Structures are given as structure tokens and as C-alpha cells.
Amino acid sequence: MELDQVDERWEEEEGSSTDSRKKVRRIGLIVAFCIFSLCAGAVLGGALFFVNGMAPTKASDEEVRILIEPGTSSAGIANILEENGLIRSAFVFRYYLRMNNEGSRFQAGEYSMKPGMELDEMISMLNNGETVALPMLKFTIPEGLTIEQIADKLEAEEIVEREAFLQAILESEFESEYIAQIPDHPGFKYKLEGYLFPETYEMPLESTEQDIAQRMIAELDRKLQQLPDDWPQRLDELGLSMHEVLTIASLIEREAAVAAERPLISSVIHNRLAKGMQLQIDATVQYALDEYKDVLLTVDTQVDSPYNTYIITGLPPGPIASPGIDSIRAALYPEETNYLFYVTKKDGSKEHFFAETHNEHLRNKAISEQQ
């Protein structure tokens with residue numbers, strides 16, 4: 001083969017190789033562009049998916065109720081929200097929670113939400129437990145009421161029937177360490193008298209008479225925790241049981257119209273008990289009579305009842321009303337005095353004159369009558 005023919009063939013092969021490399025590069029560029037386009041499309045599509053998923057649903061004034069059962073996971077809550085049309089995507093909502101370190105503080109309950117709410121608004125509601133307020137019974141028991149008066153008030157407010165409530169008090173069993181300590185006494189009018197704590201209550205609408213009584217008894221247990229830490233030791237110092245302290249507290253509650261006088265009236269009761277004197281407290285006679293009288297007659301103070309402190313010595317079988325925490329505190333921590341008597345002032349102040357001796361007491365009565 002001649003030299004010029006070899007050169008021509010080499011040039012042909014070299015040109016062909018160059019064309020092939022160009023084609024490969026073009027194909028590579030096309031493939032790379034396609035891959036880039038696909039990736040960009042995927043990223044863009046994913047971004048649009050998440051943006052759309054985090055956008056509020058179509059706004060509506062129609063309330064949507066959802067129930068979150070105890071123990072429901074954040075993923076389960078996301079599904080509930082999506083199923084009820086409150087979010088666009090449970091998947092996006094879960095990712096949003098992880099991204100913002102949320103979801104661990106969601107609280108169970110029934111919620112009222114509306115389509116169109118922002119994700120953060122729903123998250124805040126779930127974190128704060130802003131549940132739907134359920135229909136509740138609400139009632140207030142003032143201090144100093146008897147069980148029968150409590151029953152009357154609950155019936156008047158159409159919460160329970162009077163007789164059904166009294167029957168529950170007499171026949172039901174209740175949980176309380178203090179009730180377990182009540183001594184047996186044949187003269188009890190109501191064994192649980194004084195153990196239904198006076199307070200304002202809110203309870204589920206379907207609460208029974210027993211539920212209400214148990215709640216009031218439990219409130220007494222809770223309120224006792226507000227007393228000074230040494231109050232159990234104080235019982236030993238006084239030589240009294242919790243039942244006896246509640247009995248004294250109920251006497252204070254019915255006798256003290258002025259809060260500041262509770263410790264003073266308590267001192268009179270403790271002092272008379274220590275000397276073995278009859279208490280002669282009018283409120284015990286009224287409890288025995290089962291009626292309130294502004295003025296007791298001599299015949300009233302002779303009524304045959306274990307609650308009548310004009311004929312018995314010492315405390316009655318149990319409380320004569322429901323005492324508040326201040327009267328319980330006064331029963332445990334009486335003022336240190338030598339007072340043995342008191343008489344109501346007739347000046348409208350509802351305060352009392354206190355005396356250490358009977359002669360001083362008689363003078364106070366004379367002063368009171370002249371007011």
C-alpha cells in the first residue's frame with residue numbers, strides 16, 4: 001500500500017473516532033440533563049407536595065369534633081386529623097412534628113376544631129389540652145350545713161333527689177381512712193355528718209348520689225393537707241381522735257359568726273372539756289330538735305338526745321354540721337385562754353363577750369341585753 005493511501009485511511013479512521021466520541025458526549029449530556037431534570041422535578045414535586053401538605057384545608061365555620069383516646073400516638077392523631085378533613089396529609093403532618101420536635105405532649109380528650117386552621121394552631125391546642133368542656137354538675141355547699149340541709153339544697157337545684165341522697169349516705173360504703181376510724185355509736189343521726197366537705201364542686205353530669213358524696217368526702221381528705229405539717233401529732237397532744245376534732249370543729253362552725261373568734265370559741269370548748277363541764281352549746285340543741293330557733297326555751301334544752309350538750313357531759317356522738325378548714329384548724333389550735341363562757345353581743349356585730357368566771361359571764365349577759 002502506498003504511503004498516501006495509508007494516510008487517507010488513517011484520516012478516515014481518526015475522523016470516525018472523533019465522531020463517535022462526540023456522539024457519546026452528546027448522549028452523556030442528554031442523559032445527565034434527563035437525570036438532572038428528573039431530580040429537579042422530584043425535588044420540586046416533593047417541595048410542592050410538602051408545601052401543599054402544610055397548607056390549611058379549605059376554611060369552614062362548621063365545627064369538627066375529634067376524640068383523642070388516651071395513649072394515641074402522634075401518628076394516630078395525624079391520621080385522625082386527616083380523616084376528618086382538618087389537615088391535607090398525615091405524612092406531612094408527622095414530618096412537620098418531627099422537624100419541630102412536637103407531638104410528645106399531646107393530650108387526650110375531645111377537641112373542637114374547624115377546617116382552615118393552621119398546623120401550629122392545632123398543635124398548640126393538642127399540647128395545651130384545650131378540650132371541649134363537657135356538661136357538668138356545678139353546686140356549692142356552704143360551711144355549716146347538715147347532711148339533711150345538703151340534701152335539701154341538692155334537690156332544690158335539681159341535682160339529686162333528697163331521699164335518694166340520704167339513702168346513699170346511710171347505705172353506701174365510701175373510701176376514706178377517716179371514715180374507717182369513726183367509732184360505732186347507737187345515737188348517730190348520720191354517721192357521716194361533718195365528713196361532707198363544704199366547697200364548690202364540678203362533676204360529670206351522670207354522677208350518682210354516691211359519686212357526689214364520695215367526692216365531698218375525698219375533698220375533706222384533700223383539704224386536711226392544707227393544715228400545718230404537725231397536725232397529726234397535734235391530735236396526740238390534745239388526746240383527741242380525728243372524729244372528735246371534727247365534732248369540735250362543727251360546734252365552732254355553728255357558733256362562730258365572726259372568723260376571728262373561731263380560736264377563742266375553740267378555747268372555751270377545750271377548757272370546758274378539760275374541766276369536765278357541760279358544753280351547753282345551743283347549736284347542739286338545734287341539731288337535736290332538727291330545727292333552728294333564734295331563741296331556745298328552757299324546755300328545748302331538756303330534749304332527750306345524745307347531741308344535747310345541756311344534758312350530756314363531753315362531746316356529742318359526732319359533728320352536727322360540715323365544718324370548713326378554718327374551723328378544723330381552730331379546733332386543732334385553739335387560742336390559749338382561761339375563758340369558760342361566751343355570750344352573743346346584741347349590737348348586730350355577731351361578736352361575743354368572753355368570760356373566765358360565771359359572775360363575769362352574768363355581767364356580760366346583762367350588758368348584752370342592754371345593747
# chains A, B, ... in the order shown; residues from 1 in each chain; ligands from 1

$ residues_around --residues "Leu97 in chain A" --least-positions-apart "3" --cutoff "10 Å" --atoms "only C-alpha atoms" --output "VMD selection string"
chain A and resid 74 to 75 78 91 to 94 100 to 104 119 to 120 123

$ select_by_dssp --residues "range 128-224 of chain A" --states "strand (DSSP E or B)" --output "PyMOL selection string"
chain A and resi 136-140+200-204

$ write_last_selection --atoms "all heavy atoms" --output "PDB file, in the first residue's frame"
ATOM      1  N   MET A 136     -71.430  19.693  82.873  1.00  0.00           N
ATOM      2  CA  MET A 136     -71.055  19.344  84.241  1.00  0.00           C
ATOM      3  C   MET A 136     -72.142  19.762  85.235  1.00  0.00           C
ATOM      4  O   MET A 136     -72.914  20.680  84.978  1.00  0.00           O
ATOM      5  CB  MET A 136     -69.742  20.042  84.617  1.00  0.00           C
ATOM      6  CG  MET A 136     -68.558  19.685  83.736  1.00  0.00           C
ATOM      7  SD  MET A 136     -67.908  18.034  84.038  1.00  0.00           S
ATOM      8  CE  MET A 136     -66.964  18.335  85.534  1.00  0.00           C
ATOM      9  N   LEU A 137     -72.163  19.043  86.359  1.00  0.00           N
ATOM     10  CA  LEU A 137     -72.942  19.484  87.501  1.00  0.00           C
ATOM     11  C   LEU A 137     -72.089  20.473  88.283  1.00  0.00           C
ATOM     12  O   LEU A 137     -70.914  20.212  88.547  1.00  0.00           O
ATOM     13  CB  LEU A 137     -73.274  18.303  88.414  1.00  0.00           C
ATOM     14  CG  LEU A 137     -74.176  17.199  87.880  1.00  0.00           C
ATOM     15  CD1 LEU A 137     -74.238  16.065  88.887  1.00  0.00           C
ATOM     16  CD2 LEU A 137     -75.571  17.730  87.589  1.00  0.00           C
ATOM     17  N   LYS A 138     -72.643  21.593  88.655  1.00  0.00           N
ATOM     18  CA  LYS A 138     -71.912  22.550  89.477  1.00  0.00           C
ATOM     19  C   LYS A 138     -72.803  22.969  90.636  1.00  0.00           C
ATOM     20  O   LYS A 138     -73.953  23.354  90.438  1.00  0.00           O
ATOM     21  CB  LYS A 138     -71.497  23.784  88.663  1.00  0.00           C
ATOM     22  CG  LYS A 138     -70.628  24.752  89.448  1.00  0.00           C
ATOM     23  CD  LYS A 138     -70.090  25.870  88.573  1.00  0.00           C
ATOM     24  CE  LYS A 138     -69.190  26.811  89.378  1.00  0.00           C
ATOM     25  NZ  LYS A 138     -68.618  27.891  88.541  1.00  0.00           N
ATOM     26  N   PHE A 139     -72.264  22.843  91.836  1.00  0.00           N
ATOM     27  CA  PHE A 139     -73.043  23.209  93.015  1.00  0.00           C
ATOM     28  C   PHE A 139     -72.095  23.657  94.126  1.00  0.00           C
ATOM     29  O   PHE A 139     -70.918  23.290  94.148  1.00  0.00           O
ATOM     30  CB  PHE A 139     -73.915  22.045  93.494  1.00  0.00           C
ATOM     31  CG  PHE A 139     -73.148  20.783  93.812  1.00  0.00           C
ATOM     32  CD1 PHE A 139     -72.706  20.508  95.095  1.00  0.00           C
ATOM     33  CD2 PHE A 139     -72.878  19.863  92.809  1.00  0.00           C
ATOM     34  CE1 PHE A 139     -72.007  19.354  95.383  1.00  0.00           C
ATOM     35  CE2 PHE A 139     -72.170  18.696  93.088  1.00  0.00           C
ATOM     36  CZ  PHE A 139     -71.732  18.434  94.380  1.00  0.00           C
ATOM     37  N   THR A 140     -72.632  24.460  95.025  1.00  0.00           N
ATOM     38  CA  THR A 140     -71.846  24.974  96.143  1.00  0.00           C
ATOM     39  C   THR A 140     -72.513  24.585  97.448  1.00  0.00           C
ATOM     40  O   THR A 140     -73.711  24.810  97.635  1.00  0.00           O
ATOM     41  CB  THR A 140     -71.718  26.506  96.069  1.00  0.00           C
ATOM     42  OG1 THR A 140     -71.029  26.866  94.866  1.00  0.00           O
ATOM     43  CG2 THR A 140     -70.951  27.043  97.270  1.00  0.00           C
ATOM     44  N   THR A 200     -67.271  24.393  96.522  1.00  0.00           N
ATOM     45  CA  THR A 200     -67.910  24.451  95.203  1.00  0.00           C
ATOM     46  C   THR A 200     -67.381  23.296  94.368  1.00  0.00           C
ATOM     47  O   THR A 200     -66.170  23.095  94.270  1.00  0.00           O
ATOM     48  CB  THR A 200     -67.616  25.786  94.510  1.00  0.00           C
ATOM     49  OG1 THR A 200     -68.215  26.847  95.266  1.00  0.00           O
ATOM     50  CG2 THR A 200     -68.191  25.801  93.090  1.00  0.00           C
ATOM     51  N   TYR A 201     -68.285  22.549  93.765  1.00  0.00           N
ATOM     52  CA  TYR A 201     -67.913  21.335  93.043  1.00  0.00           C
ATOM     53  C   TYR A 201     -68.368  21.389  91.592  1.00  0.00           C
ATOM     54  O   TYR A 201     -69.416  21.973  91.272  1.00  0.00           O
ATOM     55  CB  TYR A 201     -68.547  20.103  93.704  1.00  0.00           C
ATOM     56  CG  TYR A 201     -68.022  19.808  95.091  1.00  0.00           C
ATOM     57  CD1 TYR A 201     -68.669  20.322  96.225  1.00  0.00           C
ATOM     58  CD2 TYR A 201     -66.882  19.035  95.275  1.00  0.00           C
ATOM     59  CE1 TYR A 201     -68.192  20.062  97.502  1.00  0.00           C
ATOM     60  CE2 TYR A 201     -66.398  18.765  96.556  1.00  0.00           C
ATOM     61  CZ  TYR A 201     -67.054  19.282  97.659  1.00  0.00           C
ATOM     62  OH  TYR A 201     -66.561  19.027  98.917  1.00  0.00           O
ATOM     63  N   GLU A 202     -67.586  20.762  90.737  1.00  0.00           N
ATOM     64  CA  GLU A 202     -67.978  20.477  89.358  1.00  0.00           C
ATOM     65  C   GLU A 202     -67.764  18.994  89.129  1.00  0.00           C
ATOM     66  O   GLU A 202     -66.671  18.482  89.351  1.00  0.00           O
ATOM     67  CB  GLU A 202     -67.152  21.292  88.368  1.00  0.00           C
ATOM     68  CG  GLU A 202     -67.551  22.749  88.295  1.00  0.00           C
ATOM     69  CD  GLU A 202     -66.937  23.466  87.111  1.00  0.00           C
ATOM     70  OE1 GLU A 202     -66.731  22.803  86.068  1.00  0.00           O
ATOM     71  OE2 GLU A 202     -66.657  24.665  87.218  1.00  0.00           O
ATOM     72  N   MET A 203     -68.814  18.313  88.677  1.00  0.00           N
ATOM     73  CA  MET A 203     -68.744  16.867  88.485  1.00  0.00           C
ATOM     74  C   MET A 203     -69.442  16.494  87.179  1.00  0.00           C
ATOM     75  O   MET A 203     -70.289  17.241  86.678  1.00  0.00           O
ATOM     76  CB  MET A 203     -69.393  16.142  89.670  1.00  0.00           C
ATOM     77  CG  MET A 203     -68.711  16.387  91.005  1.00  0.00           C
ATOM     78  SD  MET A 203     -69.428  15.390  92.339  1.00  0.00           S
ATOM     79  CE  MET A 203     -69.047  13.717  91.766  1.00  0.00           C
ATOM     80  N   PRO A 204     -69.102  15.323  86.624  1.00  0.00           N
ATOM     81  CA  PRO A 204     -69.768  14.877  85.395  1.00  0.00           C
ATOM     82  C   PRO A 204     -71.286  14.830  85.559  1.00  0.00           C
ATOM     83  O   PRO A 204     -71.801  14.547  86.650  1.00  0.00           O
ATOM     84  CB  PRO A 204     -69.191  13.476  85.177  1.00  0.00           C
ATOM     85  CG  PRO A 204     -67.852  13.519  85.834  1.00  0.00           C
ATOM     86  CD  PRO A 204     -68.028  14.405  87.037  1.00  0.00           C
TER      87      PRO A 204
END

$ residues_around --residues "Arg215 in chain A" --least-positions-apart "2" --cutoff "9 Å" --atoms "only C-alpha atoms" --output "PDB file with N, CA, C and O atoms, in the first residue's frame"
ATOM      1  N   LEU A 196     -68.768  15.551 104.877  1.00  0.00           N
ATOM      2  CA  LEU A 196     -69.009  16.043 103.514  1.00  0.00           C
ATOM      3  C   LEU A 196     -68.505  17.482 103.466  1.00  0.00           C
ATOM      4  O   LEU A 196     -69.154  18.393 103.989  1.00  0.00           O
ATOM      5  N   PHE A 197     -67.363  17.693 102.850  1.00  0.00           N
ATOM      6  CA  PHE A 197     -66.709  18.992 102.969  1.00  0.00           C
ATOM      7  C   PHE A 197     -67.451  20.077 102.193  1.00  0.00           C
ATOM      8  O   PHE A 197     -67.826  19.890 101.032  1.00  0.00           O
ATOM      9  N   TYR A 201     -68.285  22.549  93.765  1.00  0.00           N
ATOM     10  CA  TYR A 201     -67.913  21.335  93.043  1.00  0.00           C
ATOM     11  C   TYR A 201     -68.368  21.389  91.592  1.00  0.00           C
ATOM     12  O   TYR A 201     -69.416  21.973  91.272  1.00  0.00           O
ATOM     13  N   MET A 203     -68.814  18.313  88.677  1.00  0.00           N
ATOM     14  CA  MET A 203     -68.744  16.867  88.485  1.00  0.00           C
ATOM     15  C   MET A 203     -69.442  16.494  87.179  1.00  0.00           C
ATOM     16  O   MET A 203     -70.289  17.241  86.678  1.00  0.00           O
ATOM     17  N   GLN A 210     -74.151   8.599  95.199  1.00  0.00           N
ATOM     18  CA  GLN A 210     -72.960   8.061  95.857  1.00  0.00           C
ATOM     19  C   GLN A 210     -71.697   8.745  95.337  1.00  0.00           C
ATOM     20  O   GLN A 210     -70.780   9.037  96.111  1.00  0.00           O
ATOM     21  N   ASP A 211     -71.649   9.011  94.039  1.00  0.00           N
ATOM     22  CA  ASP A 211     -70.486   9.710  93.457  1.00  0.00           C
ATOM     23  C   ASP A 211     -70.302  11.082  94.101  1.00  0.00           C
ATOM     24  O   ASP A 211     -69.173  11.489  94.424  1.00  0.00           O
ATOM     25  N   ILE A 212     -71.408  11.794  94.276  1.00  0.00           N
ATOM     26  CA  ILE A 212     -71.337  13.141  94.842  1.00  0.00           C
ATOM     27  C   ILE A 212     -70.852  13.092  96.285  1.00  0.00           C
ATOM     28  O   ILE A 212     -69.976  13.862  96.694  1.00  0.00           O
ATOM     29  N   ALA A 213     -71.411  12.164  97.056  1.00  0.00           N
ATOM     30  CA  ALA A 213     -70.998  12.041  98.451  1.00  0.00           C
ATOM     31  C   ALA A 213     -69.520  11.657  98.549  1.00  0.00           C
ATOM     32  O   ALA A 213     -68.778  12.214  99.370  1.00  0.00           O
ATOM     33  N   ILE A 217     -66.435  13.693 100.366  1.00  0.00           N
ATOM     34  CA  ILE A 217     -65.612  13.047 101.394  1.00  0.00           C
ATOM     35  C   ILE A 217     -64.138  13.132 101.000  1.00  0.00           C
ATOM     36  O   ILE A 217     -63.267  13.425 101.833  1.00  0.00           O
ATOM     37  N   ALA A 218     -63.849  12.888  99.719  1.00  0.00           N
ATOM     38  CA  ALA A 218     -62.465  12.964  99.235  1.00  0.00           C
ATOM     39  C   ALA A 218     -61.921  14.384  99.366  1.00  0.00           C
ATOM     40  O   ALA A 218     -60.721  14.576  99.608  1.00  0.00           O
ATOM     41  N   GLU A 219     -62.791  15.380  99.226  1.00  0.00           N
ATOM     42  CA  GLU A 219     -62.350  16.771  99.356  1.00  0.00           C
ATOM     43  C   GLU A 219     -61.910  17.071 100.787  1.00  0.00           C
ATOM     44  O   GLU A 219     -60.964  17.841 101.003  1.00  0.00           O
ATOM     45  N   LEU A 220     -62.574  16.465 101.754  1.00  0.00           N
ATOM     46  CA  LEU A 220     -62.137  16.629 103.142  1.00  0.00           C
ATOM     47  C   LEU A 220     -60.716  16.095 103.301  1.00  0.00           C
ATOM     48  O   LEU A 220     -59.850  16.757 103.894  1.00  0.00           O
TER      49      LEU A 220
END

$ residues_around --residues "Tyr307 in chain A" --least-positions-apart "6" --cutoff "12 Å" --atoms "only C-alpha atoms" --output "tab-separated table (two decimals) with C-alpha atoms, in the first residue's frame"
chain	number	residue	atom	x	y	z
A	185	HIS	CA	-72.40	4.84	118.40
A	186	PRO	CA	-76.08	3.90	118.66
A	187	GLY	CA	-77.07	7.55	118.87
A	188	PHE	CA	-75.71	8.63	115.49
A	189	LYS	CA	-78.17	10.66	113.49
A	190	TYR	CA	-75.94	10.34	110.44
A	247	THR	CA	-67.00	17.29	116.13
A	251	LEU	CA	-69.50	23.23	117.02
A	278	GLN	CA	-71.09	20.51	130.17
A	279	LEU	CA	-70.60	22.42	126.92
A	280	GLN	CA	-74.17	23.81	126.88
A	281	ILE	CA	-73.93	24.87	123.23
A	282	ASP	CA	-77.22	25.99	121.70
A	283	ALA	CA	-76.33	24.64	118.26
A	284	THR	CA	-76.33	21.08	119.60
A	285	VAL	CA	-79.88	21.56	120.88
A	286	GLN	CA	-80.99	22.90	117.50
A	287	TYR	CA	-79.43	19.82	115.86
A	288	ALA	CA	-81.25	17.56	118.31
A	289	LEU	CA	-84.53	19.39	117.66
A	290	ASP	CA	-83.93	19.23	113.92
A	301	THR	CA	-82.61	22.48	126.38
A	313	THR	CA	-71.19	15.84	129.59
A	314	GLY	CA	-68.48	15.92	126.94
A	315	LEU	CA	-68.86	15.88	123.18
A	316	PRO	CA	-71.92	14.67	121.25
A	317	PRO	CA	-71.56	11.41	119.26
A	318	GLY	CA	-70.28	13.25	116.21
A	319	PRO	CA	-70.30	16.50	114.22
A	320	ILE	CA	-73.51	18.50	113.96
A	321	ALA	CA	-72.64	20.11	110.60

$ closest_residue --among "A:Ile66, A:Ile328, A:Ala259, A:Met125" --to "Gln226 in chain A" --atoms "only C-alpha atoms"
A:Ile328

$ select_by_dssp --residues "range 71-297 of chain A" --states "alpha helix (DSSP H)" --output "ChimeraX atom specification"
/A:74-83,90-99,119-128,147-156,162-171,209-223,231-238,242-255,262-275,282-289

$ closest_residue --among "A:Ala168, A:Lys345, A:Phe353, A:Leu332" --to "Leu240 in chain A" --atoms "only C-alpha atoms"
A:Leu332
